[in-house]
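Accompanying notes for the structure given below.
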Amino acid sequence: LSIIDNDQSLIYWFSLTKKSFNKINNSEIKTASLVAGYNKITLFYVKDKGVYKIDDKIKVSRVIEADNDWGKIVDLWIYNGNVYLLDKEKDEIYKYLVAETGYSSKNSYFKSGQSIDLQQANSLAIDSSVYIGFNDFIAKYTAGDRDEFKTSFPTENINITKIYTNKDLEKVFAW
């Protein structure tokens, strides 16, 4: 679990399996809005600057430069080392493949004709399929194609603010 504290330019990193806690301090964290972790790597997003990586030696470096084509990035996810950015303004999920020297150039996650209106999208989660959270439903994509996905919520009037899953879970959770 990683939590951003913009006021103190800190990211708090908690590991339940290792029962450990770290504080990562860097001036770029002051304006970070998103954080994601994978293995021993933490990434955070800074609007108009890009994506930064904190490695296992607590070294901070920019790994993806801000792109003029980006609109409003509202979520960041890492899956198998690859970076996914949810852009609700441009109706796009950008995928950056992990490489030996960093990350590839951006690719669209969606296959041709598969994108949907993401103006109301609020979060992203990946377990091998990609789930996109909206205020009142969740969309599922597998390998860039739209997949059927049904939910059962305890009430009809819901307001989803965040979704979560990972490759070790059998369910998608909605807050």
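Convention: chains lettered A, B, ... in structure tokens order; per-chain residue numbering from 1; ligands numbered from 1 as shown.
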
So that I can check the surroundings of Leu97 (chain A), please list as a list in words every protein, DNA and RNA residue that reaches within 9 Å of it, counting only C-alpha atoms and ignoring chain neighbours fewer than 6 positions away.
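In the requested form, the answer reads Gly81, Asn82, Val83, Tyr84, Tyr103, Ser104, Ser105, Lys106 and Asn107 of chain A.
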
Generate the output file for the selected residues, all heavy atoms, as a PDB file, in the first residue's frame.
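Output file part17.pdb is given in full below:
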```pdb
ATOM      1  N   GLY A  81       4.652  -5.142 -14.596  1.00  0.00           N
ATOM      2  CA  GLY A  81       5.675  -4.143 -14.852  1.00  0.00           C
ATOM      3  C   GLY A  81       5.268  -3.091 -15.861  1.00  0.00           C
ATOM      4  O   GLY A  81       5.899  -2.046 -15.966  1.00  0.00           O
ATOM      5  N   ASN A  82       4.221  -3.352 -16.642  1.00  0.00           N
ATOM      6  CA  ASN A  82       3.735  -2.383 -17.627  1.00  0.00           C
ATOM      7  C   ASN A  82       2.911  -1.304 -16.933  1.00  0.00           C
ATOM      8  O   ASN A  82       2.227  -1.570 -15.948  1.00  0.00           O
ATOM      9  CB  ASN A  82       2.893  -3.074 -18.700  1.00  0.00           C
ATOM     10  CG  ASN A  82       3.669  -4.133 -19.443  1.00  0.00           C
ATOM     11  OD1 ASN A  82       4.840  -3.966 -19.751  1.00  0.00           O
ATOM     12  ND2 ASN A  82       3.021  -5.256 -19.726  1.00  0.00           N
ATOM     13  N   VAL A  83       2.960  -0.087 -17.470  1.00  0.00           N
ATOM     14  CA  VAL A  83       2.275   1.053 -16.870  1.00  0.00           C
ATOM     15  C   VAL A  83       1.032   1.386 -17.696  1.00  0.00           C
ATOM     16  O   VAL A  83       1.103   1.468 -18.928  1.00  0.00           O
ATOM     17  CB  VAL A  83       3.205   2.282 -16.811  1.00  0.00           C
ATOM     18  CG1 VAL A  83       2.471   3.499 -16.265  1.00  0.00           C
ATOM     19  CG2 VAL A  83       4.435   1.969 -15.971  1.00  0.00           C
ATOM     20  N   TYR A  84      -0.084   1.598 -17.006  1.00  0.00           N
ATOM     21  CA  TYR A  84      -1.346   1.966 -17.640  1.00  0.00           C
ATOM     22  C   TYR A  84      -1.806   3.296 -17.060  1.00  0.00           C
ATOM     23  O   TYR A  84      -1.834   3.458 -15.839  1.00  0.00           O
ATOM     24  CB  TYR A  84      -2.415   0.905 -17.366  1.00  0.00           C
ATOM     25  CG  TYR A  84      -2.108  -0.451 -17.964  1.00  0.00           C
ATOM     26  CD1 TYR A  84      -1.193  -1.311 -17.360  1.00  0.00           C
ATOM     27  CD2 TYR A  84      -2.736  -0.863 -19.131  1.00  0.00           C
ATOM     28  CE1 TYR A  84      -0.911  -2.557 -17.913  1.00  0.00           C
ATOM     29  CE2 TYR A  84      -2.460  -2.101 -19.688  1.00  0.00           C
ATOM     30  CZ  TYR A  84      -1.548  -2.942 -19.069  1.00  0.00           C
ATOM     31  OH  TYR A  84      -1.268  -4.167 -19.611  1.00  0.00           O
ATOM     32  N   TYR A 103      10.727   2.318 -20.326  1.00  0.00           N
ATOM     33  CA  TYR A 103       9.403   1.994 -20.850  1.00  0.00           C
ATOM     34  C   TYR A 103       9.318   2.363 -22.320  1.00  0.00           C
ATOM     35  O   TYR A 103       9.995   3.281 -22.791  1.00  0.00           O
ATOM     36  CB  TYR A 103       8.312   2.723 -20.046  1.00  0.00           C
ATOM     37  CG  TYR A 103       8.231   2.224 -18.630  1.00  0.00           C
ATOM     38  CD1 TYR A 103       8.981   2.823 -17.617  1.00  0.00           C
ATOM     39  CD2 TYR A 103       7.447   1.129 -18.307  1.00  0.00           C
ATOM     40  CE1 TYR A 103       8.940   2.334 -16.318  1.00  0.00           C
ATOM     41  CE2 TYR A 103       7.399   0.641 -17.013  1.00  0.00           C
ATOM     42  CZ  TYR A 103       8.142   1.247 -16.025  1.00  0.00           C
ATOM     43  OH  TYR A 103       8.107   0.760 -14.745  1.00  0.00           O
ATOM     44  N   SER A 104       8.442   1.671 -23.026  1.00  0.00           N
ATOM     45  CA  SER A 104       8.224   1.933 -24.447  1.00  0.00           C
ATOM     46  C   SER A 104       7.499   3.260 -24.627  1.00  0.00           C
ATOM     47  O   SER A 104       7.071   3.887 -23.654  1.00  0.00           O
ATOM     48  CB  SER A 104       7.366   0.815 -25.052  1.00  0.00           C
ATOM     49  OG  SER A 104       6.027   0.898 -24.555  1.00  0.00           O
ATOM     50  N   SER A 105       7.309   3.653 -25.875  1.00  0.00           N
ATOM     51  CA  SER A 105       6.447   4.791 -26.147  1.00  0.00           C
ATOM     52  C   SER A 105       5.006   4.336 -25.902  1.00  0.00           C
ATOM     53  O   SER A 105       4.729   3.141 -25.776  1.00  0.00           O
ATOM     54  CB  SER A 105       6.640   5.277 -27.585  1.00  0.00           C
ATOM     55  OG  SER A 105       6.391   4.224 -28.486  1.00  0.00           O
ATOM     56  N   LYS A 106       4.102   5.293 -25.836  1.00  0.00           N
ATOM     57  CA  LYS A 106       2.728   4.947 -25.472  1.00  0.00           C
ATOM     58  C   LYS A 106       2.025   4.189 -26.591  1.00  0.00           C
ATOM     59  O   LYS A 106       2.284   4.400 -27.769  1.00  0.00           O
ATOM     60  CB  LYS A 106       1.942   6.190 -25.074  1.00  0.00           C
ATOM     61  CG  LYS A 106       1.467   7.018 -26.224  1.00  0.00           C
ATOM     62  CD  LYS A 106       0.570   8.147 -25.771  1.00  0.00           C
ATOM     63  CE  LYS A 106       0.173   8.929 -26.997  1.00  0.00           C
ATOM     64  NZ  LYS A 106       0.258  10.334 -26.846  1.00  0.00           N
ATOM     65  N   ASN A 107       1.162   3.292 -26.165  1.00  0.00           N
ATOM     66  CA  ASN A 107       0.290   2.536 -27.056  1.00  0.00           C
ATOM     67  C   ASN A 107      -1.112   2.633 -26.497  1.00  0.00           C
ATOM     68  O   ASN A 107      -1.294   2.735 -25.286  1.00  0.00           O
ATOM     69  CB  ASN A 107       0.690   1.051 -27.077  1.00  0.00           C
ATOM     70  CG  ASN A 107       2.082   0.839 -27.589  1.00  0.00           C
ATOM     71  OD1 ASN A 107       2.334   1.004 -28.764  1.00  0.00           O
ATOM     72  ND2 ASN A 107       3.010   0.488 -26.701  1.00  0.00           N
TER      73      ASN A 107
END
```

Near-Trp70 (chain A) list (12 Å; only C-alpha atoms; drop same-chain fewer than 2 positions) as a ChimeraX atom specification:
/A:47-50,65-68,72-74,85-94,106,108

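Using only C-alpha atoms, the nearest neighbour of Thr155 (chain A) within the list A:Tyr52, A:Ala125, A:Asp136, A:Lys111 is A:Asp136.
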
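Distances to Asp168 (chain A) were evaluated for A:Ser2, A:Ser27, A:Gln114, A:Ser128 using only C-alpha atoms, and the minimum falls at A:Ser128.
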
May I ask for the distance between CA of Ile78 (chain A) and CA of Ile116 (chain A), given in Å to one decimal place?
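Taking CA of Ile78 (chain A) and CA of Ile116 (chain A), their separation equals 21.3 Å.
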
Env of Ser129 (chain A): 8 Å cut, atoms = only C-alpha atoms, seq-sep filter 2 positions within chain, self excluded. Answer as a PDB file with N, CA, C and O atoms, in the first residue's frame.
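This is the output file part-v3.pdb:
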```pdb
ATOM      1  N   ILE A 126      -6.512  -3.949 -12.666  1.00  0.00           N
ATOM      2  CA  ILE A 126      -6.134  -4.995 -13.613  1.00  0.00           C
ATOM      3  C   ILE A 126      -5.812  -6.281 -12.855  1.00  0.00           C
ATOM      4  O   ILE A 126      -5.071  -6.264 -11.876  1.00  0.00           O
ATOM      5  N   ASP A 127      -6.369  -7.397 -13.350  1.00  0.00           N
ATOM      6  CA  ASP A 127      -6.018  -8.715 -12.829  1.00  0.00           C
ATOM      7  C   ASP A 127      -5.516  -9.631 -13.946  1.00  0.00           C
ATOM      8  O   ASP A 127      -5.120 -10.728 -13.720  1.00  0.00           O
ATOM      9  N   TYR A 131     -10.283  -3.421 -15.838  1.00  0.00           N
ATOM     10  CA  TYR A 131     -11.586  -2.972 -15.353  1.00  0.00           C
ATOM     11  C   TYR A 131     -11.550  -1.455 -15.222  1.00  0.00           C
ATOM     12  O   TYR A 131     -10.584  -0.905 -14.709  1.00  0.00           O
ATOM     13  N   LYS A 140     -15.402  -4.025 -18.398  1.00  0.00           N
ATOM     14  CA  LYS A 140     -14.293  -4.983 -18.424  1.00  0.00           C
ATOM     15  C   LYS A 140     -13.773  -5.128 -19.857  1.00  0.00           C
ATOM     16  O   LYS A 140     -14.556  -5.227 -20.806  1.00  0.00           O
ATOM     17  N   TYR A 141     -12.447  -5.160 -19.972  1.00  0.00           N
ATOM     18  CA  TYR A 141     -11.786  -5.389 -21.255  1.00  0.00           C
ATOM     19  C   TYR A 141     -10.735  -6.468 -21.075  1.00  0.00           C
ATOM     20  O   TYR A 141     -10.058  -6.519 -20.051  1.00  0.00           O
ATOM     21  N   THR A 142     -10.614  -7.323 -22.069  1.00  0.00           N
ATOM     22  CA  THR A 142      -9.576  -8.340 -22.072  1.00  0.00           C
ATOM     23  C   THR A 142      -8.820  -8.241 -23.393  1.00  0.00           C
ATOM     24  O   THR A 142      -9.438  -8.292 -24.457  1.00  0.00           O
ATOM     25  N   ALA A 143      -7.518  -8.045 -23.312  1.00  0.00           N
ATOM     26  CA  ALA A 143      -6.660  -7.899 -24.494  1.00  0.00           C
ATOM     27  C   ALA A 143      -7.183  -6.811 -25.426  1.00  0.00           C
ATOM     28  O   ALA A 143      -7.111  -6.933 -26.648  1.00  0.00           O
TER      29      ALA A 143
END
```

A:Lys167, A:Arg146, A:Ile138, A:Tyr96: which is nearest Phe110 (chain A), counting only C-alpha atoms?
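For Phe110 (chain A), the nearest of the given residues is A:Arg146.
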
Nearest-residue call for Asp145 (chain A), choices A:Gln120, A:Ser112, A:Asn157, A:Asn166, using only C-alpha atoms
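Once distances to Asp145 (chain A) are computed over only C-alpha atoms, the minimum belongs to A:Ser112.
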
Coordinates-based distance that separates CA of Ile41 (chain A) from CA of Ile64 (chain A) (Å, one decimal)
14.4 Å

Set the distance at 7 Å and use only C-alpha atoms: which residues neighbour Asn25 (chain A) once local chain neighbours fewer than 5 positions away are removed? I'd like the list as a short mmCIF file (atom, residue, chain, number, x, y, z; two decimals) with C-alpha atoms, in the first residue's frame.
```cif
data_model
loop_
_atom_site.label_atom_id
_atom_site.label_comp_id
_atom_site.auth_asym_id
_atom_site.auth_seq_id
_atom_site.Cartn_x
_atom_site.Cartn_y
_atom_site.Cartn_z
CA SER A 9 6.32 15.61 -0.03
CA LEU A 10 6.16 12.01 1.21
CA ILE A 11 4.94 8.68 -0.01
#
```

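Neighbouring residues of Asp56 (chain A) at 12 Å or closer, counting only C-alpha atoms and skipping chain neighbours under 3 positions away, are Trp13, Asn22, Ile24, Gly37, Tyr38, Asn39, Lys40, Ile41, Thr42, Leu43, Lys53, Lys59 and Val60 of chain A.
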
Produce a file of the selected residues containing N, CA and C atoms, as a tab-separated table (two decimals), in the first residue's frame.
```
chain	number	residue	atom	x	y	z
A	13	TRP	N	4.96	3.93	2.32
A	13	TRP	CA	4.90	2.62	1.70
A	13	TRP	C	4.80	1.58	2.80
A	22	ASN	N	7.95	2.33	5.12
A	22	ASN	CA	8.97	3.26	4.64
A	22	ASN	C	8.34	4.60	4.34
A	24	ILE	N	9.13	7.79	1.86
A	24	ILE	CA	9.94	8.21	0.72
A	24	ILE	C	9.71	9.70	0.52
A	37	GLY	N	2.11	0.69	-6.97
A	37	GLY	CA	3.27	-0.11	-6.64
A	37	GLY	C	3.24	-1.46	-7.33
A	38	TYR	N	4.42	-2.01	-7.55
A	38	TYR	CA	4.57	-3.33	-8.15
A	38	TYR	C	5.91	-3.89	-7.71
A	39	ASN	N	5.89	-5.06	-7.06
A	39	ASN	CA	7.11	-5.65	-6.51
A	39	ASN	C	7.84	-4.60	-5.67
A	40	LYS	N	9.08	-4.30	-6.01
A	40	LYS	CA	9.86	-3.33	-5.22
A	40	LYS	C	9.88	-1.95	-5.86
A	41	ILE	N	8.94	-1.68	-6.76
A	41	ILE	CA	8.92	-0.41	-7.48
A	41	ILE	C	7.65	0.36	-7.12
A	42	THR	N	7.79	1.64	-6.90
A	42	THR	CA	6.65	2.54	-6.72
A	42	THR	C	6.73	3.58	-7.83
A	43	LEU	N	5.59	3.84	-8.46
A	43	LEU	CA	5.50	4.89	-9.47
A	43	LEU	C	4.52	5.95	-8.98
A	53	LYS	N	9.59	7.03	-11.01
A	53	LYS	CA	9.82	5.71	-10.42
A	53	LYS	C	10.68	5.86	-9.17
A	59	LYS	N	15.75	5.55	-4.98
A	59	LYS	CA	16.19	6.54	-5.96
A	59	LYS	C	14.98	6.93	-6.81
A	60	VAL	N	14.77	8.24	-7.00
A	60	VAL	CA	13.63	8.75	-7.76
A	60	VAL	C	14.12	9.24	-9.12
```

Nearest to Ile58 (chain A): which of A:Ser152, A:Asn26, A:Ser20, A:Ser15 is it, counting only C-alpha atoms?
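Closest to Ile58 (chain A) of all the choices is A:Asn26.
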
Once DSSP has gone over the backbone, tell me which residues of region 12-173 of chain A are in strand (DSSP E), as a PyMOL selection string.
chain A and resi 12-15+20-25+32-38+41-46+50-54+60-65+73-79+82-87+92-96+98-99+102-103+107-108+123-126+130-133+138-142+145-147+163-164+173
